[in-house]
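Novice: Structure file query11.csv (CSV, C-alpha atoms) is given on the next line.
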chain,number,residue,atom,x,y,z
G,29,MET,CA,13.6,-11.2,1.1
G,30,ARG,CA,16.3,-8.5,0.9
G,31,ALA,CA,16.7,-8.9,-2.8
G,32,PHE,CA,12.9,-8.7,-3.2
G,33,ALA,CA,12.8,-5.4,-1.2
G,34,VAL,CA,15.7,-3.8,-3.1
G,35,GLY,CA,14.3,-5.0,-6.5
G,36,GLY,CA,10.8,-3.8,-5.7
G,37,THR,CA,12.1,-0.4,-4.5
G,38,ALA,CA,14.2,0.0,-7.7
G,39,ALA,CA,11.1,-0.8,-9.8
G,40,LEU,CA,8.9,1.6,-7.9
G,41,LEU,CA,11.5,4.4,-8.2
G,42,SER,CA,11.8,3.7,-12.0
G,43,VAL,CA,8.1,3.9,-12.5
G,44,GLY,CA,8.0,7.1,-10.3
G,45,LEU,CA,10.8,8.7,-12.3
G,46,PHE,CA,9.1,7.8,-15.6
G,47,LEU,CA,5.7,9.3,-14.4
G,48,ALA,CA,7.5,12.4,-13.1
G,49,LEU,CA,9.4,13.2,-16.2
G,50,TRP,CA,7.1,11.9,-19.0
G,51,GLY,CA,3.8,11.0,-17.4
G,52,SER,CA,3.0,14.3,-15.8
G,53,PRO,CA,1.8,17.3,-17.8
G,54,PRO,CA,3.4,20.7,-17.1
G,55,ASP,CA,1.5,22.9,-14.7
G,56,ALA,CA,-0.7,25.8,-16.1
G,57,TYR,CA,1.4,28.4,-14.2
G,58,GLN,CA,4.8,27.0,-13.4
G,59,GLY,CA,5.3,24.8,-16.4
G,60,GLU,CA,7.9,22.1,-16.2
G,61,TYR,CA,9.1,23.3,-12.8
G,62,VAL,CA,6.2,21.3,-11.3
G,63,ARG,CA,8.4,18.1,-11.9
G,64,ILE,CA,10.7,19.2,-9.0
G,65,MET,CA,7.7,18.7,-6.7
G,66,TYR,CA,7.9,14.9,-7.4
G,67,VAL,CA,11.3,14.8,-5.6
G,68,HIS,CA,10.7,17.6,-3.1
G,69,VAL,CA,7.4,16.4,-1.5
G,70,PRO,CA,8.4,12.6,-1.3
G,71,ALA,CA,11.7,13.7,0.2
G,72,ALA,CA,9.9,15.7,2.9
G,73,VAL,CA,7.5,12.8,3.6
G,74,SER,CA,10.5,10.5,3.9
G,75,ALA,CA,12.2,13.0,6.3
G,76,TYR,CA,9.0,13.0,8.5
G,77,GLY,CA,9.0,9.2,8.4
G,78,ALA,CA,12.7,8.9,9.3
G,79,ALA,CA,12.2,11.4,12.1
G,80,ALA,CA,9.3,9.4,13.5
G,81,VAL,CA,11.4,6.2,13.5
G,82,ALA,CA,14.2,8.1,15.3
G,83,PHE,CA,11.7,9.4,17.8
G,84,GLY,CA,10.2,6.0,18.5
G,85,ALA,CA,13.6,4.3,18.7
G,86,GLY,CA,15.1,7.1,20.8
G,87,ALA,CA,12.2,6.9,23.3
G,88,LEU,CA,12.4,3.1,23.5
G,89,TYR,CA,16.2,3.3,24.0
G,90,LEU,CA,15.8,5.8,26.8
G,91,TRP,CA,13.2,3.5,28.4
G,92,ARG,CA,14.6,0.0,27.8
G,93,ARG,CA,18.3,0.6,27.2
G,94,ASP,CA,18.3,-2.1,24.6
G,95,ARG,CA,21.2,-1.5,22.1
G,96,ARG,CA,19.1,-2.6,19.2
G,97,TRP,CA,16.9,0.5,19.6
G,98,ASP,CA,20.0,2.6,19.4
G,99,PHE,CA,20.9,1.0,16.1
G,100,VAL,CA,17.5,1.8,14.7
G,101,GLY,CA,17.6,5.3,16.2
G,102,ARG,CA,20.9,6.1,14.5
G,103,ALA,CA,19.6,4.9,11.2
G,104,GLY,CA,16.5,7.1,11.6
G,105,ALA,CA,18.5,10.2,12.6
G,106,GLU,CA,20.9,9.8,9.6
G,107,LEU,CA,18.1,9.4,7.1
G,108,ALA,CA,16.1,12.2,8.6
G,109,ALA,CA,19.1,14.5,8.1
G,110,LEU,CA,19.6,13.1,4.5
G,111,PHE,CA,16.0,13.6,3.4
G,112,SER,CA,15.5,16.9,5.1
G,113,GLY,CA,18.7,18.1,3.4
G,114,LEU,CA,17.4,16.8,0.1
G,115,THR,CA,14.1,18.6,0.8
G,116,LEU,CA,15.9,21.9,1.4
G,117,LEU,CA,18.1,21.4,-1.7
G,118,THR,CA,15.3,20.6,-4.1
G,119,GLY,CA,13.2,23.4,-2.6
G,120,MET,CA,15.9,25.9,-3.3
G,121,LEU,CA,16.3,24.6,-6.9
G,122,TRP,CA,12.6,25.2,-7.3
G,123,GLY,CA,12.5,28.5,-5.5
G,124,LYS,CA,15.2,30.2,-7.5
G,125,PRO,CA,13.4,29.9,-10.9
G,126,VAL,CA,9.8,30.2,-9.6
G,127,TRP,CA,9.9,32.6,-6.7
G,128,GLY,CA,13.0,34.3,-7.9
G,129,VAL,CA,15.0,33.7,-4.7
G,130,TRP,CA,17.0,30.7,-3.3
G,131,TRP,CA,15.9,31.3,0.2
G,132,ALA,CA,13.3,33.3,2.2
G,133,TRP,CA,13.0,33.7,5.9
G,134,ASP,CA,9.5,32.2,6.0
G,135,ALA,CA,8.2,29.8,8.6
G,136,ARG,CA,8.2,26.7,6.4
G,137,LEU,CA,11.8,27.2,5.2
G,138,VAL,CA,13.1,28.1,8.6
G,139,THR,CA,11.5,25.2,10.5
G,140,THR,CA,12.7,22.8,7.8
G,141,ALA,CA,16.3,24.1,8.2
G,142,VAL,CA,15.9,23.7,12.0
G,143,LEU,CA,14.8,20.1,11.4
G,144,PHE,CA,17.9,19.4,9.3
G,145,LEU,CA,20.3,21.0,11.8
G,146,LEU,CA,18.7,19.1,14.7
G,147,TYR,CA,19.4,15.7,13.2
G,148,VAL,CA,22.9,16.7,12.2
G,149,GLY,CA,23.3,17.7,15.8
G,150,CYS,CA,21.8,14.5,17.0
G,151,LEU,CA,24.4,12.5,15.0
G,152,LEU,CA,27.2,14.7,16.3
G,153,VAL,CA,26.4,14.7,20.1
G,154,ARG,CA,26.6,10.9,20.0
G,155,ASP,CA,30.4,11.0,19.7
G,156,LEU,CA,30.9,14.1,21.9
G,157,ALA,CA,30.5,12.3,25.3
G,158,ASP,CA,33.5,10.5,26.8
G,159,ASP,CA,31.2,7.7,27.9
G,160,PRO,CA,29.6,6.0,24.8
G,161,GLU,CA,26.5,5.2,26.8
G,162,ARG,CA,26.0,8.8,27.7
G,163,GLY,CA,26.5,9.7,24.0
G,164,ARG,CA,23.8,7.3,23.0
G,165,ARG,CA,21.4,8.6,25.6
G,166,LEU,CA,22.1,12.2,24.6
G,167,SER,CA,21.5,11.3,20.9
G,168,ALA,CA,18.3,9.6,21.8
G,169,ALA,CA,17.1,12.6,23.8
G,170,VAL,CA,17.9,15.0,20.9
G,171,ALA,CA,16.0,12.6,18.5
G,172,VAL,CA,12.9,12.7,20.8
G,173,LEU,CA,13.0,16.5,21.1
G,174,ALA,CA,13.7,17.0,17.4
G,175,PHE,CA,10.6,15.2,16.4
G,176,LEU,CA,8.5,18.0,18.0
G,177,ASP,CA,9.6,20.1,15.1
G,178,VAL,CA,7.9,17.8,12.5
G,179,PRO,CA,4.3,19.0,13.2
G,180,VAL,CA,5.6,22.6,13.3
G,181,VAL,CA,7.2,22.1,9.9
G,182,HIS,CA,4.0,20.6,8.5
G,183,TYR,CA,1.5,23.1,9.9
G,184,SER,CA,3.9,26.1,9.5
G,185,VAL,CA,2.1,27.1,6.2
G,186,VAL,CA,-1.3,27.0,8.0
G,187,TRP,CA,-0.2,28.6,11.4
G,188,PHE,CA,1.9,31.4,9.9
G,189,ARG,CA,1.7,33.6,6.8
G,190,THR,CA,4.4,32.2,4.6
G,191,LEU,CA,5.9,32.7,1.1
G,192,HIS,CA,5.7,28.9,0.7
G,193,GLN,CA,2.3,27.8,-0.6
G,194,GLY,CA,-0.2,26.1,1.7
G,195,PRO,CA,-0.9,22.4,1.7
G,196,SER,CA,-2.2,21.0,-1.6
G,197,ILE,CA,-3.4,17.9,0.1
G,198,SER,CA,-5.3,18.3,3.4
G,199,LEU,CA,-8.5,17.4,5.1
G,200,GLN,CA,-10.0,20.4,3.3
G,201,GLY,CA,-9.5,18.7,0.0
G,202,VAL,CA,-7.0,18.0,-2.8
G,203,LYS,CA,-5.9,21.0,-4.9
G,204,LEU,CA,-3.9,18.9,-7.3
G,205,ALA,CA,-5.4,17.7,-10.6
G,206,PRO,CA,-5.4,13.9,-10.9
G,207,GLU,CA,-2.7,14.2,-13.6
G,208,PHE,CA,-0.3,15.5,-10.8
G,209,LEU,CA,-1.7,13.4,-8.0
G,210,LEU,CA,-0.8,10.0,-9.5
G,211,PRO,CA,2.9,10.7,-10.1
G,212,LEU,CA,3.1,12.3,-6.7
G,213,ALA,CA,1.5,9.3,-4.9
G,214,VAL,CA,3.7,6.8,-6.8
G,215,ASN,CA,6.9,8.8,-6.0
G,216,ALA,CA,5.8,9.1,-2.3
G,217,VAL,CA,5.3,5.3,-2.0
G,218,ALA,CA,8.6,4.7,-3.9
G,219,TYR,CA,10.6,7.1,-1.6
G,220,LEU,CA,9.0,5.5,1.5
G,221,ALA,CA,10.1,2.0,0.2
G,222,LEU,CA,13.6,3.4,-0.4
G,223,LEU,CA,13.5,4.9,3.2
G,224,SER,CA,12.5,1.5,4.6
G,225,VAL,CA,15.3,-0.4,2.8
G,226,LEU,CA,17.9,2.2,3.8
G,227,LEU,CA,16.7,2.2,7.4
G,228,ALA,CA,16.9,-1.6,7.6
G,229,GLU,CA,20.3,-1.8,6.0
G,230,ARG,CA,21.8,1.1,8.1
G,231,ALA,CA,20.5,-0.4,11.3
G,232,ARG,CA,22.0,-3.8,10.2
G,233,LEU,CA,25.3,-2.2,9.6
G,234,ALA,CA,25.2,-0.5,13.0
G,235,SER,CA,24.5,-3.8,14.7
G,236,LEU,CA,27.2,-5.6,12.7
G,237,GLU,CA,29.8,-2.9,13.7
G,238,GLY,CA,28.4,-2.7,17.2
G,239,GLU,CA,29.3,0.9,16.9
G,240,ARG,CA,28.7,3.5,19.6
N,564,MET,CA,18.8,28.1,-17.4
N,565,SER,CA,15.9,26.5,-19.2
N,566,PRO,CA,13.1,24.9,-17.0
N,567,TRP,CA,14.3,21.4,-17.9
N,568,ALA,CA,17.8,22.2,-16.8
N,569,TRP,CA,16.5,23.2,-13.3
N,570,VAL,CA,14.4,20.0,-13.2
N,571,LEU,CA,17.3,17.8,-14.2
N,572,THR,CA,19.6,19.5,-11.8
N,573,ALA,CA,17.1,18.8,-8.9
N,574,TYR,CA,16.9,15.1,-10.0
N,575,GLY,CA,20.7,14.9,-10.4
N,576,CYS,CA,21.2,16.3,-6.9
N,577,ALA,CA,18.7,13.8,-5.4
N,578,ALA,CA,20.3,10.9,-7.3
N,579,LEU,CA,23.8,12.0,-6.2
N,580,LEU,CA,22.9,12.5,-2.5
N,581,VAL,CA,20.9,9.3,-2.1
N,582,GLY,CA,23.2,7.3,-4.4
N,583,VAL,CA,26.4,8.2,-2.5
N,584,TYR,CA,24.7,7.4,0.8
N,585,ALA,CA,23.5,4.0,-0.5
N,586,TRP,CA,26.7,3.2,-2.2
N,587,ARG,CA,28.8,3.9,1.0
N,588,LEU,CA,26.3,2.0,3.1
N,589,TRP,CA,26.6,-1.0,0.7
N,590,ARG,CA,30.4,-0.9,0.7
N,591,ARG,CA,30.7,-0.7,4.5
N,592,LEU,CA,28.2,-3.6,4.8
N,593,ARG,CA,30.3,-5.7,2.5
N,594,GLN,CA,33.5,-4.9,4.4
N,595,VAL,CA,31.9,-5.8,7.7
N,596,SER,CA,30.5,-9.0,6.5
N,597,ARG,CA,33.8,-10.0,4.9
N,598,ALA,CA,35.6,-9.2,8.2
N,599,ARG,CA,33.0,-11.4,10.0
N,600,LEU,CA,33.6,-14.2,7.6
N,601,GLY,CA,37.4,-13.9,8.0
N,602,GLU,CA,37.1,-14.2,11.7
N,603,GLY,CA,35.0,-17.3,11.3
N,604,GLU,CA,37.6,-19.0,9.2
N,605,THR,CA,40.6,-18.4,11.4
E,80,MET,CA,42.3,16.5,18.1
E,81,LYS,CA,39.2,14.5,17.2
E,82,ARG,CA,37.3,16.0,20.1
E,83,LEU,CA,38.3,19.5,19.1
E,84,ARG,CA,37.0,18.9,15.5
E,85,LEU,CA,33.8,17.4,17.0
E,86,ALA,CA,33.3,20.3,19.3
E,87,ALA,CA,33.9,22.7,16.5
E,88,ALA,CA,31.3,20.8,14.4
E,89,VAL,CA,28.7,20.9,17.2
E,90,LEU,CA,29.4,24.6,17.8
E,91,LEU,CA,28.9,25.2,14.0
E,92,VAL,CA,25.5,23.3,14.1
E,93,VAL,CA,24.4,25.1,17.3
E,94,GLY,CA,25.5,28.4,15.8
E,95,SER,CA,23.6,27.8,12.6
E,96,LEU,CA,20.6,26.7,14.6
E,97,GLY,CA,20.7,29.9,16.5
E,98,TYR,CA,21.1,32.0,13.3
E,99,VAL,CA,18.2,30.3,11.6
E,100,VAL,CA,15.9,30.5,14.7
E,101,ALA,CA,16.8,34.2,15.2
E,102,GLY,CA,16.2,34.9,11.5
E,103,GLY,CA,12.9,33.0,11.7
E,104,LEU,CA,11.7,34.9,14.8
E,105,ARG,CA,12.7,38.2,13.3
E,106,GLU,CA,10.9,37.7,10.0
E,107,ALA,CA,9.0,34.4,9.7
E,108,VAL,CA,6.2,34.9,12.1
E,109,VAL,CA,4.6,37.4,9.8
E,110,TYR,CA,6.4,37.1,6.5
E,111,TYR,CA,4.4,39.8,4.8
E,112,VAL,CA,1.4,42.2,5.5
E,113,THR,CA,-1.6,42.4,3.2
E,114,PRO,CA,-2.6,45.7,1.4
E,115,THR,CA,-5.5,46.1,3.8
E,116,GLU,CA,-3.3,45.8,6.8
E,117,LEU,CA,-0.9,48.3,5.2
E,118,GLN,CA,-3.7,50.9,4.8
E,119,SER,CA,-4.8,50.6,8.4
E,120,ARG,CA,-1.3,51.0,9.7
E,121,THR,CA,0.6,54.3,10.3
E,122,LEU,CA,3.9,53.6,8.7
E,123,ASP,CA,7.3,55.2,9.0
E,124,PRO,CA,7.9,55.9,5.3
E,125,ARG,CA,11.6,55.4,5.8
E,126,ARG,CA,11.2,51.8,6.9
E,127,PRO,CA,10.8,49.2,4.2
E,128,VAL,CA,7.7,47.0,4.2
E,129,ARG,CA,6.9,43.6,2.8
E,130,VAL,CA,3.5,43.3,1.3
E,131,GLY,CA,1.9,40.2,-0.3
E,132,GLY,CA,-1.2,39.8,-2.5
E,133,GLN,CA,-2.4,38.9,-5.9
E,134,VAL,CA,-1.3,40.6,-9.0
E,135,VAL,CA,-4.5,42.1,-10.3
E,136,PRO,CA,-5.2,40.7,-13.8
E,137,GLY,CA,-4.7,43.3,-16.5
E,138,SER,CA,-2.5,45.6,-14.3
E,139,LEU,CA,0.9,44.2,-15.2
E,140,ARG,CA,2.8,46.5,-17.7
E,141,ARG,CA,6.2,47.8,-18.5
E,142,GLU,CA,6.6,51.6,-18.4
E,143,GLY,CA,9.9,53.2,-19.2
E,144,GLY,CA,12.0,50.3,-18.1
E,145,ALA,CA,10.1,49.9,-14.9
E,146,LEU,CA,7.5,47.2,-14.1
E,147,ARG,CA,4.2,48.4,-12.8
E,148,PHE,CA,1.4,46.3,-11.4
E,149,VAL,CA,-1.3,46.4,-8.7
E,150,LEU,CA,-1.3,44.1,-5.7
E,151,SER,CA,-4.6,43.2,-4.1
E,152,ASP,CA,-6.0,41.1,-1.3
E,153,GLY,CA,-9.5,41.3,-2.6
E,154,GLN,CA,-10.2,44.5,-0.6
E,155,ALA,CA,-7.4,47.0,-0.7
E,156,ARG,CA,-5.2,47.7,-3.8
E,157,LEU,CA,-1.6,48.7,-3.8
E,158,PRO,CA,0.1,50.0,-6.9
E,159,VAL,CA,3.7,48.8,-7.2
E,160,ARG,CA,6.6,50.1,-9.3
E,161,PHE,CA,9.8,48.0,-9.7
E,162,ALA,CA,12.8,49.1,-11.6
E,163,GLY,CA,14.6,45.8,-11.7
E,164,SER,CA,13.8,42.6,-13.6
E,165,VAL,CA,11.8,39.9,-11.9
E,166,GLU,CA,13.6,36.6,-11.7
E,167,GLY,CA,10.7,34.5,-10.7
E,168,LEU,CA,7.6,33.6,-12.7
E,169,LEU,CA,5.4,36.8,-12.2
E,170,VAL,CA,2.0,36.0,-13.7
E,171,GLU,CA,-1.2,38.0,-13.4
E,172,GLY,CA,-3.7,36.4,-11.1
E,173,GLN,CA,-1.0,34.7,-9.1
E,174,GLY,CA,0.6,35.9,-5.8
E,175,ALA,CA,3.6,38.1,-5.3
E,176,VAL,CA,5.4,39.4,-2.2
E,177,VAL,CA,7.1,42.8,-2.7
E,178,GLU,CA,9.5,44.6,-0.5
E,179,GLY,CA,10.2,48.3,-0.6
E,180,ARG,CA,9.2,51.8,0.6
E,181,LEU,CA,5.9,53.5,0.2
E,182,GLY,CA,6.2,56.6,-1.9
E,183,PRO,CA,4.3,59.9,-1.2
E,184,ASP,CA,1.8,59.1,-4.0
E,185,GLY,CA,0.9,55.8,-2.4
E,186,THR,CA,2.9,53.7,-4.9
E,187,LEU,CA,5.2,51.1,-3.4
E,188,GLU,CA,8.7,51.5,-4.8
E,189,ALA,CA,9.8,47.9,-4.7
E,190,ARG,CA,13.3,46.8,-4.0
E,191,SER,CA,12.5,43.2,-4.6
E,192,VAL,CA,9.6,41.3,-6.1
E,193,VAL,CA,9.2,37.6,-5.2
E,194,VAL,CA,6.6,35.4,-6.7
E,195,LYS,CA,4.3,33.4,-4.5
E,196,HIS,CA,3.0,30.3,-6.0
E,197,SER,CA,-0.4,28.9,-5.2
E,198,GLU,CA,-1.0,25.4,-3.9
E,199,GLU,CA,-3.2,24.6,-6.9
E,200,TYR,CA,-1.9,22.5,-9.7
E,201,THR,CA,-3.8,22.3,-13.0
E,202,PRO,CA,-2.7,21.1,-16.5
E,203,PRO,CA,-2.5,24.0,-19.0
E,204,ARG,CA,-5.5,24.8,-21.1
E,205,SER,CA,-3.5,26.5,-23.8
E,206,PRO,CA,-0.6,24.6,-25.4
E,207,LEU,CA,2.0,26.9,-23.7
E,208,PRO,CA,1.9,27.6,-20.0
E,209,PRO,CA,2.2,31.3,-19.0
E,210,ALA,CA,5.5,30.4,-17.5
E,211,GLU,CA,7.0,30.0,-21.0
E,212,ARG,CA,4.9,32.7,-22.7
E,213,ASN,CA,6.1,35.3,-20.3
E,214,ALA,CA,9.7,34.1,-20.4
E,215,PRO,CA,12.1,37.1,-21.0
Please express what this file holds, its structure, as structure tokens.
Specialist:
Amino acid sequence: MRAFAVGGTAALLSVGLFLALWGSPPDAYQGEYVRIMYVHVPAAVSAYGAAAVAFGAGALYLWRRDRRWDFVGRAGAELAALFSGLTLLTGMLWGKPVWGVWWAWDARLVTTAVLFLLYVGCLLVRDLADDPERGRRLSAAVAVLAFLDVPVVHYSVVWFRTLHQGPSISLQGVKLAPEFLLPLAVNAVAYLALLSVLLAERARLASLEGER
Amino acid sequence: MSPWAWVLTAYGCAALLVGVYAWRLWRRLRQVSRARLGEGET
Amino acid sequence: MKRLRLAAAVLLVVGSLGYVVAGGLREAVVYYVTPTELQSRTLDPRRPVRVGGQVVPGSLRREGGALRFVLSDGQARLPVRFAGSVEGLLVEGQGAVVEGRLGPDGTLEARSVVVKHSEEYTPPRSPLPPAERNAP
């Protein structure tokens, strides 16, 4: 079962990479830089997913005090930090050549940086308390609160006037030509599969170590 | 830098970040399961 | 010792969080104003402004080492002069956010020009995308 999940994820990621680098045409305006989107957007989606897992597990831990929820919560927080960090990094590597700047103080970028820092903080507070149980509760509480930032990140480009472009895919329609939509969809699915495998393995490690 | 250099840098960063995380996770999992096995034998 | 390092790390994260939130509150709520809003506003000419809009097609040209173009939001138009070189992909018909001071003749003397990309993605109609045709 595990080998199947890992193998399937690797296959999906390979197909995604092939579509992103060879299958997709360049964009009419930004040219080849559009290929960075196929890492940036799936990474952001994975960060949302990991944040949702950390939120659910954190809430359940605070309610039930079952250590297993803490293991899942820790995995979720770690991967939310990893993928939001990757989102920021790939965003900057796209922003520098296309916008002309690495960073701008716009609402999308700021709220994403806040998301990353909240999950780094969530992982740190766990070890700060003298009593491990208090550390776990503190971490779960931060994970629950940090999730409130996810809708703010997502709708920041609608609610505020930003340098970052608005949503290309929303209820109002899809502004991506099908040539771009297919590689993006395959990569999003592949990254979510990768996220699931990493979540399961990280939670398993936490339970094996019985860590605090 | 050429457009492709930026693209490949972004993919390289992603592979490095996720790769290091996954590799460390795998190594620690193997260590822990070995330690478990060792305990079982003694 | 471990606790000290941990406390320093938490302090660093909380500090960066404060820094980012403060920067966001200062600038991110309204990242730029439109040319129409700029007209209807009485501005202190000494204060820099950040204006965003579309680069009017046909307006982009180089003049004596400076870049000139007109920024529009569909209603008002704002002429812009920029002495530096643009690092992003400035293309006519696409967005840009410029920062600078308004001159007495109504031209914005830009200190920086940042390209704003649209959320639309289309394959190129011509063999070379403008991004590569305009490459310096």
Novice: Mind listing as a PyMOL selection string which residues of chain G are within 9 Å of chain N, counting all atoms listed in the file?
Specialist: chain G and resi 49+59-64+67-68+71+110-111+114+117-119+121-122+125+226+229-230+232-233+236-237
Novice: Counting only C-alpha atoms, what is within 12 Å of segment 146-148 of chain G, bar same-chain residues fewer than 4 positions away, as a ChimeraX atom specification?
Specialist: /G:75-76,78-80,82-83,101-113,139-142,152-154,167-178 /E:85,88-97,99-100
Novice: Quick one: of E:Gly167, E:Val128, E:Thr115, E:Ser197, who's nearest to chain N, counting all atoms listed in the file?
Specialist: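 Smallest separation from chain N among the options: E:Gly167.
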Novice: Check which residues of chain G sit at most 6 Å from chain E using all atoms listed in the file, and return one row each with the closest pair of atoms and their distance in Å to one decimal, ordered by chain and rising number, as a Markdown table.
Specialist:
| residue | atom | partner | partner_atom | distance |
| --- | --- | --- | --- | --- |
| G:Asp55 | CA | E:Pro202 | CA | 4.9 |
| G:Ala56 | CA | E:Pro203 | CA | 3.9 |
| G:Tyr57 | CA | E:Ala210 | CA | 5.6 |
| G:Gln58 | CA | E:Ala210 | CA | 5.4 |
| G:Gly59 | CA | E:Pro208 | CA | 5.7 |
| G:Pro125 | CA | E:Gly167 | CA | 5.3 |
| G:Val126 | CA | E:Gly167 | CA | 4.5 |
| G:Trp127 | CA | E:Val194 | CA | 4.3 |
| G:Gly128 | CA | E:Gly167 | CA | 3.6 |
| G:Trp133 | CA | E:Ala107 | CA | 5.6 |
| G:Asp134 | CA | E:Ala107 | CA | 4.3 |
| G:Ala135 | CA | E:Ala107 | CA | 4.8 |
| G:Val138 | CA | E:Gly103 | CA | 5.8 |
| G:Phe188 | CA | E:Val108 | CA | 6.0 |
| G:Arg189 | CA | E:Val109 | CA | 5.6 |
| G:Thr190 | CA | E:Tyr110 | CA | 5.6 |
| G:Leu191 | CA | E:Lys195 | CA | 5.9 |
| G:Gln193 | CA | E:Glu198 | CA | 5.2 |
| G:Gly194 | CA | E:Glu198 | CA | 5.7 |
| G:Ser196 | CA | E:Glu198 | CA | 5.1 |
| G:Lys203 | CA | E:Glu199 | CA | 4.9 |
| G:Leu204 | CA | E:Tyr200 | CA | 4.8 |
| G:Ala205 | CA | E:Thr201 | CA | 5.4 |
Novice: How would the residues just chosen look if you wrote them out with C-alpha atoms as an mmCIF file, keeping the file's coordinate frame?
Specialist:
data_model
loop_
_atom_site.group_PDB
_atom_site.id
_atom_site.type_symbol
_atom_site.label_atom_id
_atom_site.label_comp_id
_atom_site.auth_asym_id
_atom_site.auth_seq_id
_atom_site.Cartn_x
_atom_site.Cartn_y
_atom_site.Cartn_z
ATOM 1 C CA ASP G 55 1.500 22.900 -14.700
ATOM 2 C CA ALA G 56 -0.700 25.800 -16.100
ATOM 3 C CA TYR G 57 1.400 28.400 -14.200
ATOM 4 C CA GLN G 58 4.800 27.000 -13.400
ATOM 5 C CA GLY G 59 5.300 24.800 -16.400
ATOM 6 C CA PRO G 125 13.400 29.900 -10.900
ATOM 7 C CA VAL G 126 9.800 30.200 -9.600
ATOM 8 C CA TRP G 127 9.900 32.600 -6.700
ATOM 9 C CA GLY G 128 13.000 34.300 -7.900
ATOM 10 C CA TRP G 133 13.000 33.700 5.900
ATOM 11 C CA ASP G 134 9.500 32.200 6.000
ATOM 12 C CA ALA G 135 8.200 29.800 8.600
ATOM 13 C CA VAL G 138 13.100 28.100 8.600
ATOM 14 C CA PHE G 188 1.900 31.400 9.900
ATOM 15 C CA ARG G 189 1.700 33.600 6.800
ATOM 16 C CA THR G 190 4.400 32.200 4.600
ATOM 17 C CA LEU G 191 5.900 32.700 1.100
ATOM 18 C CA GLN G 193 2.300 27.800 -0.600
ATOM 19 C CA GLY G 194 -0.200 26.100 1.700
ATOM 20 C CA SER G 196 -2.200 21.000 -1.600
ATOM 21 C CA LYS G 203 -5.900 21.000 -4.900
ATOM 22 C CA LEU G 204 -3.900 18.900 -7.300
ATOM 23 C CA ALA G 205 -5.400 17.700 -10.600
#
Novice: Find the residues near Val34 of chain G: any atom within 9 Å, counting all atoms listed in the file, skip ones fewer than 4 places away on the same chain, and give them as a PDB file with C-alpha atoms, in the frame of the given file.
Specialist:
ATOM      1  CA  MET G  29      13.600 -11.200   1.100  1.00  0.00           C
ATOM      2  CA  ARG G  30      16.300  -8.500   0.900  1.00  0.00           C
ATOM      3  CA  ALA G  38      14.200   0.000  -7.700  1.00  0.00           C
ATOM      4  CA  ALA G  39      11.100  -0.800  -9.800  1.00  0.00           C
ATOM      5  CA  ALA G 221      10.100   2.000   0.200  1.00  0.00           C
ATOM      6  CA  LEU G 222      13.600   3.400  -0.400  1.00  0.00           C
ATOM      7  CA  VAL G 225      15.300  -0.400   2.800  1.00  0.00           C
TER       8      VAL G 225
END
Novice: Please provide as a PyMOL selection string all residues within 8 Å of segment 148-154 of chain E, with the sequence filter that same-chain residues fewer than 6 positions apart are discarded (counting all atoms listed in the file).
Specialist: chain E and resi 113-115+131-135+138-140+160+175
Novice: I'd like the interatomic distance between atom CA of Leu210 of chain G and atom CA of Phe144 of chain G, to a tenth of an Å.
Specialist: 28.1 Å
